[in-house]
>>> print(open('query-v1.cif').read())   # mmCIF, C-alpha atoms
data_query
#
loop_
_atom_site.group_PDB
_atom_site.id
_atom_site.type_symbol
_atom_site.label_atom_id
_atom_site.label_comp_id
_atom_site.auth_asym_id
_atom_site.auth_seq_id
_atom_site.Cartn_x
_atom_site.Cartn_y
_atom_site.Cartn_z
ATOM 1 C CA MET A 8 72.160 57.452 174.315
ATOM 2 C CA ILE A 9 74.765 56.183 171.895
ATOM 3 C CA ARG A 10 72.169 56.150 169.114
ATOM 4 C CA SER A 11 71.251 59.775 169.879
ATOM 5 C CA SER A 12 74.910 60.802 169.686
ATOM 6 C CA ILE A 13 75.397 59.027 166.379
ATOM 7 C CA ALA A 14 72.271 60.685 164.969
ATOM 8 C CA ALA A 15 73.464 64.075 166.168
ATOM 9 C CA LEU A 16 76.864 63.554 164.566
ATOM 10 C CA ALA A 17 75.224 62.477 161.263
ATOM 11 C CA SER A 18 72.982 65.529 161.325
ATOM 12 C CA ALA A 19 75.950 67.793 161.999
ATOM 13 C CA ALA A 20 77.889 66.182 159.130
ATOM 14 C CA SER A 21 74.943 66.707 156.790
ATOM 15 C CA ILE A 22 74.707 70.347 157.793
ATOM 16 C CA LEU A 23 78.455 70.835 157.207
ATOM 17 C CA ALA A 24 78.275 69.072 153.814
ATOM 18 C CA PHE A 25 75.317 71.205 152.757
ATOM 19 C CA GLY A 26 77.107 74.323 153.909
ATOM 20 C CA ALA A 27 80.259 73.382 151.950
ATOM 21 C CA ALA A 28 78.194 72.660 148.849
ATOM 22 C CA ALA A 29 76.385 75.959 149.223
ATOM 23 C CA ALA A 30 79.655 77.762 149.637
ATOM 24 C CA ALA A 31 81.035 76.071 146.521
ATOM 25 C CA ARG A 32 77.907 76.929 144.547
ATOM 26 C CA PRO A 33 78.322 80.261 142.662
ATOM 27 C CA SER A 34 76.255 83.227 143.698
ATOM 28 C CA THR A 35 73.534 84.739 141.547
ATOM 29 C CA GLN A 36 75.882 87.559 140.526
ATOM 30 C CA ALA A 37 78.595 85.045 139.621
ATOM 31 C CA LEU A 38 76.146 83.068 137.501
ATOM 32 C CA ALA A 39 75.030 86.243 135.733
ATOM 33 C CA ALA A 40 78.636 87.164 135.001
ATOM 34 C CA ARG A 41 79.280 83.720 133.572
ATOM 35 C CA VAL A 42 76.199 83.906 131.379
ATOM 36 C CA LEU A 43 77.332 87.287 130.042
ATOM 37 C CA SER A 44 80.932 86.262 129.443
ATOM 38 C CA ASP A 45 82.113 82.673 129.676
ATOM 39 C CA GLU A 46 79.128 80.808 128.355
ATOM 40 C CA PRO A 47 78.809 82.586 125.000
ATOM 41 C CA ILE A 48 82.511 81.920 124.402
ATOM 42 C CA ALA A 49 82.070 78.254 125.337
ATOM 43 C CA HIS A 50 79.069 78.102 123.029
ATOM 44 C CA ARG A 51 81.105 79.475 120.131
ATOM 45 C CA GLN A 52 83.901 77.057 120.846
ATOM 46 C CA ARG A 53 81.488 74.145 120.720
ATOM 47 C CA HIS A 54 79.801 75.153 117.483
ATOM 48 C CA GLU A 55 82.624 76.743 115.453
ATOM 49 C CA PRO A 56 85.737 74.821 114.376
ATOM 50 C CA PRO A 57 89.065 76.507 115.148
ATOM 51 C CA ILE A 58 90.552 78.589 112.351
ATOM 52 C CA PRO A 59 93.535 76.637 111.018
ATOM 53 C CA ALA A 60 96.800 78.187 109.857
ATOM 54 C CA ALA A 61 97.138 79.090 106.194
ATOM 55 C CA LYS A 62 99.169 75.968 105.450
ATOM 56 C CA HIS A 63 96.225 73.821 106.630
ATOM 57 C CA ASP A 64 93.635 75.491 104.393
ATOM 58 C CA ARG A 65 93.140 72.468 102.136
ATOM 59 C CA SER A 66 92.872 69.938 104.963
ATOM 60 C CA ALA A 67 90.386 72.184 106.781
ATOM 61 C CA THR A 68 88.297 72.421 103.629
ATOM 62 C CA ALA A 69 88.367 68.638 103.228
ATOM 63 C CA ARG A 70 87.248 68.095 106.855
ATOM 64 C CA THR A 71 84.460 70.649 106.981
ATOM 65 C CA GLY A 72 83.307 70.471 103.361
ATOM 66 C CA LYS A 73 83.678 74.230 102.993
ATOM 67 C CA ALA A 74 86.360 76.806 103.774
ATOM 68 C CA VAL A 75 86.101 78.890 106.929
ATOM 69 C CA PRO A 76 85.610 82.550 105.859
ATOM 70 C CA LEU A 77 88.814 83.749 107.488
ATOM 71 C CA VAL A 78 90.743 80.968 105.796
ATOM 72 C CA ARG A 79 89.414 82.183 102.473
ATOM 73 C CA VAL A 80 90.639 85.684 103.259
ATOM 74 C CA VAL A 81 94.115 84.423 104.191
ATOM 75 C CA ALA A 82 94.366 82.327 101.032
ATOM 76 C CA ALA A 83 93.120 85.129 98.763
ATOM 77 C CA ASN A 84 95.546 87.681 100.210
ATOM 78 C CA ARG A 85 98.445 85.267 99.986
ATOM 79 C CA ASN A 86 97.721 84.484 96.326
ATOM 80 C CA ALA A 87 97.346 88.185 95.457
ATOM 81 C CA VAL A 88 100.746 89.283 96.806
ATOM 82 C CA GLU A 89 103.323 90.281 94.199
ATOM 83 C CA GLU A 90 106.842 89.740 95.555
ATOM 84 C CA PRO A 91 110.041 91.376 94.196
ATOM 85 C CA ASP A 92 111.251 89.602 91.047
ATOM 86 C CA ALA A 93 114.800 89.886 89.697
ATOM 87 C CA ALA A 94 113.430 89.935 86.143
ATOM 88 C CA PHE A 95 111.602 93.189 86.862
ATOM 89 C CA TYR A 96 114.420 95.084 88.543
ATOM 90 C CA LEU A 97 115.756 98.161 86.798
ATOM 91 C CA GLY A 98 118.860 99.141 88.722
ATOM 92 C CA ALA A 99 117.610 99.326 92.318
ATOM 93 C CA ALA A 100 113.994 99.908 91.226
ATOM 94 C CA GLN A 101 111.459 97.104 91.294
ATOM 95 C CA VAL A 102 108.983 97.670 88.445
ATOM 96 C CA TYR A 103 105.772 95.730 89.047
ATOM 97 C CA PRO A 104 103.234 95.168 86.255
ATOM 98 C CA TRP A 105 100.051 96.740 87.647
ATOM 99 C CA SER A 106 96.815 94.766 87.775
ATOM 100 C CA GLU A 107 93.525 95.263 89.596
ATOM 101 C CA GLY A 108 93.323 93.529 92.984
ATOM 102 C CA SER A 109 97.034 92.752 93.395
ATOM 103 C CA LEU A 110 98.940 93.398 96.624
ATOM 104 C CA TYR A 111 102.460 94.733 96.054
ATOM 105 C CA ARG A 112 105.181 93.928 98.578
ATOM 106 C CA LEU A 113 107.443 96.687 99.860
ATOM 107 C CA TYR A 114 110.379 95.815 102.136
ATOM 108 C CA ALA A 115 111.586 98.758 104.213
ATOM 109 C CA ALA A 116 114.043 99.328 107.066
ATOM 110 C CA PRO A 117 114.550 101.854 109.884
ATOM 111 C CA GLU A 118 116.634 104.928 109.029
ATOM 112 C CA GLN A 119 116.029 104.339 105.302
ATOM 113 C CA ILE A 120 113.378 105.836 103.028
ATOM 114 C CA SER A 121 111.656 103.752 100.367
ATOM 115 C CA ASP A 122 110.094 105.475 97.370
ATOM 116 C CA VAL A 123 106.738 104.454 95.869
ATOM 117 C CA ALA A 124 106.693 106.181 92.469
ATOM 118 C CA LEU A 125 103.398 106.711 90.646
ATOM 119 C CA GLU A 126 102.866 107.042 86.903
ATOM 120 C CA PRO A 127 104.013 110.355 85.394
ATOM 121 C CA GLY A 128 101.038 112.693 85.126
ATOM 122 C CA GLU A 129 99.064 110.742 87.737
ATOM 123 C CA THR A 130 97.465 112.888 90.456
ATOM 124 C CA LEU A 131 97.523 111.719 94.076
ATOM 125 C CA VAL A 132 94.145 111.872 95.839
ATOM 126 C CA SER A 133 94.895 110.270 99.220
ATOM 127 C CA VAL A 134 97.182 107.879 101.110
ATOM 128 C CA ALA A 135 95.969 105.743 104.025
ATOM 129 C CA ALA A 136 98.164 103.515 106.207
ATOM 130 C CA GLY A 137 97.110 100.885 108.713
ATOM 131 C CA ASP A 138 99.787 101.858 111.245
ATOM 132 C CA THR A 139 100.538 105.573 111.260
ATOM 133 C CA ALA A 140 102.208 105.504 114.691
ATOM 134 C CA ARG A 141 105.186 103.345 113.738
ATOM 135 C CA TRP A 142 105.387 104.154 110.022
ATOM 136 C CA VAL A 143 106.290 107.593 108.675
ATOM 137 C CA ILE A 144 104.415 108.308 105.432
ATOM 138 C CA GLY A 145 104.939 111.404 103.277
ATOM 139 C CA ASP A 146 104.779 112.475 99.652
ATOM 140 C CA THR A 147 106.673 114.686 97.259
ATOM 141 C CA SER A 148 106.901 115.184 93.493
ATOM 142 C CA SER A 149 109.445 115.442 90.715
ATOM 143 C CA GLY A 150 109.322 116.992 87.250
ATOM 144 C CA SER A 151 106.745 119.436 85.961
ATOM 145 C CA GLY A 152 103.879 119.625 83.520
ATOM 146 C CA PRO A 153 102.775 116.306 81.950
ATOM 147 C CA ALA A 154 105.966 114.644 83.258
ATOM 148 C CA ARG A 155 105.243 115.589 86.892
ATOM 149 C CA ARG A 156 105.503 112.480 89.063
ATOM 150 C CA THR A 157 104.278 111.849 92.616
ATOM 151 C CA HIS A 158 106.419 109.884 95.076
ATOM 152 C CA ILE A 159 105.124 108.326 98.325
ATOM 153 C CA LEU A 160 107.928 108.168 100.917
ATOM 154 C CA VAL A 161 107.782 105.304 103.434
ATOM 155 C CA LYS A 162 109.926 104.727 106.538
ATOM 156 C CA PRO A 163 109.367 102.386 109.537
ATOM 157 C CA VAL A 164 110.591 103.283 113.019
ATOM 158 C CA ALA A 165 111.592 99.695 113.918
ATOM 159 C CA PRO A 166 112.135 96.261 112.308
ATOM 160 C CA GLY A 167 109.560 93.481 112.460
ATOM 161 C CA LEU A 168 106.574 95.683 111.612
ATOM 162 C CA ARG A 169 103.820 95.113 109.084
ATOM 163 C CA THR A 170 101.205 97.459 107.669
ATOM 164 C CA ASN A 171 99.380 98.216 104.446
ATOM 165 C CA LEU A 172 99.025 101.317 102.292
ATOM 166 C CA ILE A 173 96.072 102.254 100.120
ATOM 167 C CA ILE A 174 97.066 104.880 97.561
ATOM 168 C CA ALA A 175 94.213 106.504 95.646
ATOM 169 C CA THR A 176 94.890 108.508 92.478
ATOM 170 C CA ASP A 177 92.852 109.968 89.648
ATOM 171 C CA ARG A 178 93.591 106.801 87.618
ATOM 172 C CA ARG A 179 93.638 103.778 89.917
ATOM 173 C CA ILE A 180 94.054 102.315 93.441
ATOM 174 C CA TYR A 181 97.340 100.804 94.656
ATOM 175 C CA HIS A 182 97.429 98.271 97.507
ATOM 176 C CA VAL A 183 100.902 98.016 99.062
ATOM 177 C CA GLU A 184 101.885 95.479 101.748
ATOM 178 C CA ALA A 185 104.812 96.941 103.738
ATOM 179 C CA VAL A 186 107.190 94.866 105.884
ATOM 180 C CA SER A 187 110.111 96.273 107.885
ATOM 181 C CA THR A 188 113.412 94.382 108.225
ATOM 182 C CA GLU A 189 116.629 95.013 110.164
ATOM 183 C CA ARG A 190 118.662 96.555 107.325
ATOM 184 C CA THR A 191 117.292 95.525 103.907
ATOM 185 C CA ALA A 192 115.093 98.100 102.183
ATOM 186 C CA MET A 193 113.798 98.464 98.632
ATOM 187 C CA ALA A 194 114.991 101.774 97.219
ATOM 188 C CA THR A 195 111.935 102.301 95.031
ATOM 189 C CA ILE A 196 108.972 100.532 93.488
ATOM 190 C CA SER A 197 106.967 101.636 90.462
ATOM 191 C CA TRP A 198 104.670 100.074 87.893
ATOM 192 C CA THR A 199 104.130 99.447 84.211
ATOM 193 C CA TYR A 200 100.564 99.488 82.905
ATOM 194 C CA PRO A 201 100.216 96.818 80.187
ATOM 195 C CA GLN A 202 96.411 96.849 80.191
ATOM 196 C CA ASP A 203 96.261 100.572 79.473
ATOM 197 C CA SER A 204 98.737 100.142 76.634
ATOM 198 C CA LEU A 205 96.713 97.323 75.118
ATOM 199 C CA ILE A 206 93.489 99.336 75.293
ATOM 200 C CA ALA A 207 95.171 102.221 73.487
ATOM 201 C CA LEU A 208 96.741 99.949 70.915
ATOM 202 C CA ARG A 209 93.400 98.331 70.142
ATOM 203 C CA ALA A 210 91.798 101.707 69.528
ATOM 204 C CA GLY A 211 92.399 101.208 65.809
ATOM 205 C CA PRO A 212 95.052 100.902 63.100
ATOM 206 C CA ALA A 213 97.041 103.889 61.897
ATOM 207 C CA THR A 214 98.760 104.784 58.691
ATOM 208 C CA ALA A 215 102.338 106.044 58.608
ATOM 209 C CA PRO A 216 102.986 108.765 59.359
ATOM 210 C CA ASP A 217 99.667 109.124 61.195
ATOM 211 C CA PRO A 218 98.422 112.747 61.252
ATOM 212 C CA ALA A 219 96.899 112.061 64.685
ATOM 213 C CA VAL A 220 100.301 110.955 65.942
ATOM 214 C CA ALA A 221 102.383 113.756 64.479
ATOM 215 C CA PRO A 222 100.090 116.648 63.516
ATOM 216 C CA ALA A 223 101.514 119.595 61.601
ATOM 217 C CA VAL A 224 104.864 117.858 60.990
ATOM 218 C CA ALA A 225 106.422 118.358 57.557
ATOM 219 C CA VAL A 226 107.347 115.034 55.984
ATOM 220 C CA GLU A 227 110.630 116.456 54.700
ATOM 221 C CA ALA A 228 111.645 117.281 58.273
ATOM 222 C CA LEU A 229 111.450 113.673 59.461
ATOM 223 C CA ASN A 230 114.625 111.763 60.275
ATOM 224 C CA PHE A 231 114.511 108.032 59.557
ATOM 225 C CA GLY A 232 118.100 107.399 60.609
ATOM 226 C CA TYR A 233 117.328 104.608 63.075
ATOM 227 C CA ARG A 234 118.487 101.011 63.153
ATOM 228 C CA ILE A 235 116.363 98.120 64.531
ATOM 229 C CA GLU A 236 118.351 95.246 66.081
ATOM 230 C CA GLY A 237 117.726 92.237 68.278
ATOM 231 C CA ASP A 238 115.248 89.389 68.481
ATOM 232 C CA ASN A 239 112.970 88.597 65.568
ATOM 233 C CA VAL A 240 109.677 88.708 67.463
ATOM 234 C CA ALA A 241 106.113 89.321 66.337
ATOM 235 C CA TRP A 242 106.061 92.815 67.857
ATOM 236 C CA ARG A 243 109.441 93.908 66.355
ATOM 237 C CA PRO A 244 109.078 97.548 65.197
ATOM 238 C CA VAL A 245 108.815 98.271 61.499
ATOM 239 C CA ARG A 246 110.736 101.561 61.747
ATOM 240 C CA ALA A 247 111.558 104.499 63.997
ATOM 241 C CA PHE A 248 111.826 108.200 63.119
ATOM 242 C CA ASP A 249 111.802 111.636 64.742
ATOM 243 C CA ASP A 250 110.828 115.213 63.902
ATOM 244 C CA GLY A 251 113.630 116.820 65.912
ATOM 245 C CA HIS A 252 111.529 116.924 69.095
ATOM 246 C CA GLN A 253 109.649 113.640 69.386
ATOM 247 C CA THR A 254 110.525 110.063 68.486
ATOM 248 C CA PHE A 255 107.965 107.761 66.822
ATOM 249 C CA ILE A 256 108.244 103.963 66.869
ATOM 250 C CA GLU A 257 106.020 102.111 64.410
ATOM 251 C CA PHE A 258 104.953 98.546 65.199
ATOM 252 C CA PRO A 259 103.120 95.962 63.083
ATOM 253 C CA ALA A 260 99.363 96.499 63.014
ATOM 254 C CA THR A 261 98.934 93.178 64.866
ATOM 255 C CA LEU A 262 100.670 94.469 68.010
ATOM 256 C CA GLY A 263 97.325 94.999 69.749
ATOM 257 C CA ASP A 264 96.707 91.234 69.625
ATOM 258 C CA GLY A 265 99.360 90.571 72.286
ATOM 259 C CA GLU A 266 101.187 92.124 75.219
ATOM 260 C CA ALA A 267 102.865 95.480 74.569
ATOM 261 C CA PRO A 268 106.583 95.688 75.463
ATOM 262 C CA PRO A 269 107.745 98.523 77.767
ATOM 263 C CA LEU A 270 110.367 100.952 76.448
ATOM 264 C CA PHE A 271 113.714 101.559 78.182
ATOM 265 C CA VAL A 272 116.040 104.372 77.110
ATOM 266 C CA THR A 273 119.800 103.917 77.533
ATOM 267 C CA GLY A 274 121.478 106.916 79.160
ATOM 268 C CA THR A 275 124.997 108.260 78.669
ATOM 269 C CA ASP A 276 126.158 106.110 81.603
ATOM 270 C CA GLY A 277 124.963 102.963 79.829
ATOM 271 C CA LYS A 278 122.121 102.319 82.273
ATOM 272 C CA ALA A 279 118.599 101.731 81.004
ATOM 273 C CA GLU A 280 115.616 103.539 82.485
ATOM 274 C CA LEU A 281 111.905 103.375 81.821
ATOM 275 C CA VAL A 282 110.759 106.283 79.681
ATOM 276 C CA ASN A 283 107.329 107.849 79.510
ATOM 277 C CA TYR A 284 105.574 107.396 76.172
ATOM 278 C CA ARG A 285 102.112 107.566 74.654
ATOM 279 C CA VAL A 286 100.460 104.954 72.476
ATOM 280 C CA LYS A 287 98.651 106.074 69.320
ATOM 281 C CA GLY A 288 97.311 103.277 67.159
ATOM 282 C CA HIS A 289 100.338 101.038 66.583
ATOM 283 C CA TYR A 290 102.860 103.806 67.356
ATOM 284 C CA TYR A 291 104.789 104.680 70.497
ATOM 285 C CA VAL A 292 105.269 108.449 70.798
ATOM 286 C CA VAL A 293 108.207 109.545 72.973
ATOM 287 C CA ASP A 294 108.400 113.244 73.867
ATOM 288 C CA ARG A 295 112.179 113.356 73.502
ATOM 289 C CA LEU A 296 115.060 112.171 71.330
ATOM 290 C CA PHE A 297 117.361 109.345 72.374
ATOM 291 C CA GLY A 298 120.513 107.674 71.139
ATOM 292 C CA ALA A 299 119.517 104.120 71.986
ATOM 293 C CA ALA A 300 116.531 102.347 73.527
ATOM 294 C CA GLU A 301 115.345 98.818 74.188
ATOM 295 C CA LEU A 302 111.974 97.117 74.089
ATOM 296 C CA ARG A 303 111.831 94.250 76.591
ATOM 297 C CA LEU A 304 109.171 91.630 77.175
ATOM 298 C CA GLY A 305 109.166 88.506 79.319
ATOM 299 C CA GLY A 306 110.505 87.349 82.642
ATOM 300 C CA LYS A 307 113.541 85.106 83.068
ATOM 301 C CA HIS A 308 114.226 84.825 79.332
ATOM 302 C CA GLN A 309 113.453 88.264 77.954
ATOM 303 C CA GLN A 310 112.803 89.163 74.341
ATOM 304 C CA ILE A 311 114.810 92.301 73.541
ATOM 305 C CA VAL A 312 114.741 94.583 70.509
ATOM 306 C CA ARG A 313 117.168 97.513 70.355
ATOM 307 C CA ILE A 314 116.524 100.836 68.582
ATOM 308 C CA VAL A 315 119.641 102.869 67.720
ATOM 309 C CA ARG A 316 119.681 106.403 66.325
ATOM 310 C CA GLU A 317 122.416 106.573 63.722
ATOM 311 C CA ASN A 318 124.791 109.545 63.796
ATOM 312 C CA GLY A 319 125.027 111.406 60.547
ATOM 313 C CA GLU A 320 123.161 113.730 58.326
ATOM 314 C CA ARG A 321 119.437 114.012 58.929
ATOM 315 C CA ARG A 322 117.483 112.711 56.020
ATOM 316 C CA ALA A 323 113.837 112.575 55.121
ATOM 317 C CA ARG A 324 111.542 110.395 53.060
ATOM 318 C CA ARG A 325 108.464 111.377 51.160
ATOM 319 C CA SER A 326 106.679 108.244 52.313
ATOM 320 C CA ALA A 327 106.764 106.387 55.624
#
>>> encode(input="query-v1.cif", output="structure tokens")
Amino acid sequence: MIRSSIAALASAASILAFGAAAAARPSTQALAARVLSDEPIAHRQRHEPPIPAAKHDRSATARTGKAVPLVRVVAANRNAVEEPDAAFYLGAAQVYPWSEGSLYRLYAAPEQISDVALEPGETLVSVAAGDTARWVIGDTSSGSGPARRTHILVKPVAPGLRTNLIIATDRRIYHVEAVSTERTAMATISWTYPQDSLIALRAGPATAPDPAVAPAVAVEALNFGYRIEGDNVAWRPVRAFDDGHQTFIEFPATLGDGEAPPLFVTGTDGKAELVNYRVKGHYYVVDRLFGAAELRLGGKHQQIVRIVRENGERRARRSA
């Protein structure tokens, strides 16, 4: 009798244990849900290493023998970013040297508008922004004719935001990385185009005065009353002259072998501003007259050559 009771209790315990195990075991639907969701994620976690932060790129490469694709993207983007540089500020304008594939940083702030200024004469095709809900993007223009210039206007609605702009024109593509801060905003950014200048300069040598540079200009009407001052550099201009409407700056024929310096014109208030000019052979052609201008090249320690138009009687030479 006692043995029968013990056996019955053992059987009941086995039934309860089996029932508890069955209850703990997931249903067919639960297993299907896990197969469709959890298990693929677990599989990826087992077979793919975690993506390290950018600062661990090198150690991750050393451990795995090759860089994780997303790490490569992070490193490439980081290396391509052009940050504001004091050497390239002109007043409140940051003037970046343009190059293919670069990402240009723009710092903006709420209640302030930042200006992205394109090259004079450049035609805007389209503007695309990653975040159009929290960034206000517009465009306008200044000037007319060949000097007409397009401006992209950028304003965030709050600090702590990031987005990117892709600006397509008839000449090139600009990639802008925009970051919003509490109060600090860049007033304007623009570009110089050294590669375009070099291509034009290497088109071929010119004689002075070059008929292609100044067609239908009488030699006796030219004014050579300009003074060249400043650093004795390889690209120092040979002379400058004007025809009463345009100014021509002649460089050594070897200028195309190196980087071309941008031209800044000094206004009546003493401030220098980038001026639009064309390159013909080894000449800069400026569609205006000026009292003083500077050619600048370099970063922290700039090379500067000053061009001053002398006051006095206009005079001409028979030979340039």
>>> resolve_selection(input="query-v1.cif", expression="the PyMOL selection byres ((chain A and resi 97-100) around 10)", output="ChimeraX atom specification")
/A:91,93-96,101-103,122-124,193-198,271,278-281
>>> residues_near_point(input="query-v1.cif", point="(104.7, 103.8, 108.6)", cutoff="8 Å", atoms="all atoms listed in the file", output="mmCIF file with C-alpha atoms, keeping the file's coordinate frame")
data_model
loop_
_atom_site.group_PDB
_atom_site.id
_atom_site.type_symbol
_atom_site.label_atom_id
_atom_site.label_comp_id
_atom_site.auth_asym_id
_atom_site.auth_seq_id
_atom_site.Cartn_x
_atom_site.Cartn_y
_atom_site.Cartn_z
ATOM 1 C CA ALA A 136 98.164 103.515 106.207
ATOM 2 C CA ASP A 138 99.787 101.858 111.245
ATOM 3 C CA THR A 139 100.538 105.573 111.260
ATOM 4 C CA ALA A 140 102.208 105.504 114.691
ATOM 5 C CA ARG A 141 105.186 103.345 113.738
ATOM 6 C CA TRP A 142 105.387 104.154 110.022
ATOM 7 C CA VAL A 143 106.290 107.593 108.675
ATOM 8 C CA ILE A 144 104.415 108.308 105.432
ATOM 9 C CA VAL A 161 107.782 105.304 103.434
ATOM 10 C CA LYS A 162 109.926 104.727 106.538
ATOM 11 C CA PRO A 163 109.367 102.386 109.537
ATOM 12 C CA VAL A 164 110.591 103.283 113.019
ATOM 13 C CA THR A 170 101.205 97.459 107.669
#
>>> axis_aligned_box(input="query-v1.cif", around="region 157-175 of chain A", padding_each_side="4 Å", output="JSON")
{"center_x": 103.2, "center_y": 102.7, "center_z": 103.3, "size_x": 25.9, "size_y": 26.4, "size_z": 29.3}
>>> atom_distance(input="query-v1.cif", atom1="CA of Val282 (chain A)", atom2="CA of Glu317 (chain A)")
19.8 Å
>>> atom_distance(input="query-v1.cif", atom1="CA of Gly150 (chain A)", atom2="CA of Pro269 (chain A)")
20.8 Å
>>> atom_distance(input="query-v1.cif", atom1="CA of Leu110 (chain A)", atom2="CA of His308 (chain A)")
24.6 Å
>>> resolve_selection(input="query-v1.cif", expression="the PyMOL selection byres ((chain A and resi 296-305) around 10)", output="PyMOL selection string")
chain A and resi 94-95+233-237+242-244+248-255+266-275+277+279-282+293-295+306-318
>>> resolve_selection(input="query-v1.cif", expression="the PyMOL selection byres ((chain A and resi 186) around 7)", output="list in words")
Leu113, Tyr114, Ala115, Leu168, Arg169, Thr170, Glu184, Ala185, Ser187 and Thr188 of chain A
>>> closest_residue(input="query-v1.cif", among="A:Ala82, A:Ala154, A:Leu160, A:Val88", to="Ile120 (chain A)", atoms="all atoms listed in the file")
A:Leu160
>>> closest_residue(input="query-v1.cif", among="A:Tyr200, A:Tyr181, A:Phe231, A:Phe258", to="Trp105 (chain A)", atoms="all atoms listed in the file")
A:Tyr200
>>> residues_around(input="query-v1.cif", residues="Glu126 (chain A)", least_positions_apart="3", cutoff="10 Å", atoms="all atoms listed in the file", output="JSON, numbers by chain")
{"A": [129, 130, 154, 155, 156, 157, 158, 176, 178, 197, 198, 199, 200, 283]}
>>> build_atoms(input="query-v1.cif", residues="region 185-198 of chain A", atoms="N, CA, C and O atoms", output="short mmCIF file (atom, residue, chain, number, x, y, z; two decimals), in the frame of the given file")
data_model
loop_
_atom_site.label_atom_id
_atom_site.label_comp_id
_atom_site.auth_asym_id
_atom_site.auth_seq_id
_atom_site.Cartn_x
_atom_site.Cartn_y
_atom_site.Cartn_z
N ALA A 185 103.49 96.50 103.28
CA ALA A 185 104.81 96.94 103.74
C ALA A 185 105.29 96.08 104.91
O ALA A 185 104.53 95.82 105.85
N VAL A 186 106.55 95.67 104.84
CA VAL A 186 107.19 94.87 105.88
C VAL A 186 108.53 95.52 106.21
O VAL A 186 109.29 95.88 105.31
N SER A 187 108.83 95.68 107.50
CA SER A 187 110.11 96.27 107.88
C SER A 187 111.09 95.18 108.31
O SER A 187 110.72 94.23 109.00
N THR A 188 112.35 95.32 107.89
CA THR A 188 113.41 94.38 108.22
C THR A 188 114.49 95.12 109.03
O THR A 188 114.38 96.32 109.28
N GLU A 189 115.55 94.39 109.40
CA GLU A 189 116.63 95.01 110.16
C GLU A 189 117.38 96.05 109.33
O GLU A 189 117.55 97.19 109.75
N ARG A 190 117.83 95.65 108.13
CA ARG A 190 118.66 96.56 107.32
C ARG A 190 118.28 96.61 105.84
O ARG A 190 118.69 97.53 105.14
N THR A 191 117.56 95.60 105.34
CA THR A 191 117.29 95.52 103.91
C THR A 191 116.04 96.32 103.54
O THR A 191 114.97 96.08 104.10
N ALA A 192 116.22 97.27 102.62
CA ALA A 192 115.09 98.10 102.18
C ALA A 192 115.10 98.21 100.67
O ALA A 192 116.16 98.27 100.04
N MET A 193 113.93 98.23 100.08
CA MET A 193 113.80 98.46 98.63
C MET A 193 113.91 99.96 98.39
O MET A 193 113.19 100.75 99.02
N ALA A 194 114.78 100.35 97.49
CA ALA A 194 114.99 101.77 97.22
C ALA A 194 113.73 102.41 96.64
O ALA A 194 113.30 103.48 97.07
N THR A 195 113.13 101.74 95.66
CA THR A 195 111.94 102.30 95.03
C THR A 195 111.14 101.20 94.36
O THR A 195 111.71 100.19 93.91
N ILE A 196 109.84 101.39 94.29
CA ILE A 196 108.97 100.53 93.49
C ILE A 196 108.12 101.43 92.60
O ILE A 196 107.77 102.55 92.96
N SER A 197 107.84 100.93 91.40
CA SER A 197 106.97 101.64 90.46
C SER A 197 106.25 100.58 89.64
O SER A 197 106.38 99.38 89.90
N TRP A 198 105.51 101.00 88.65
CA TRP A 198 104.67 100.07 87.89
C TRP A 198 104.73 100.35 86.39
O TRP A 198 105.00 101.48 85.96
#
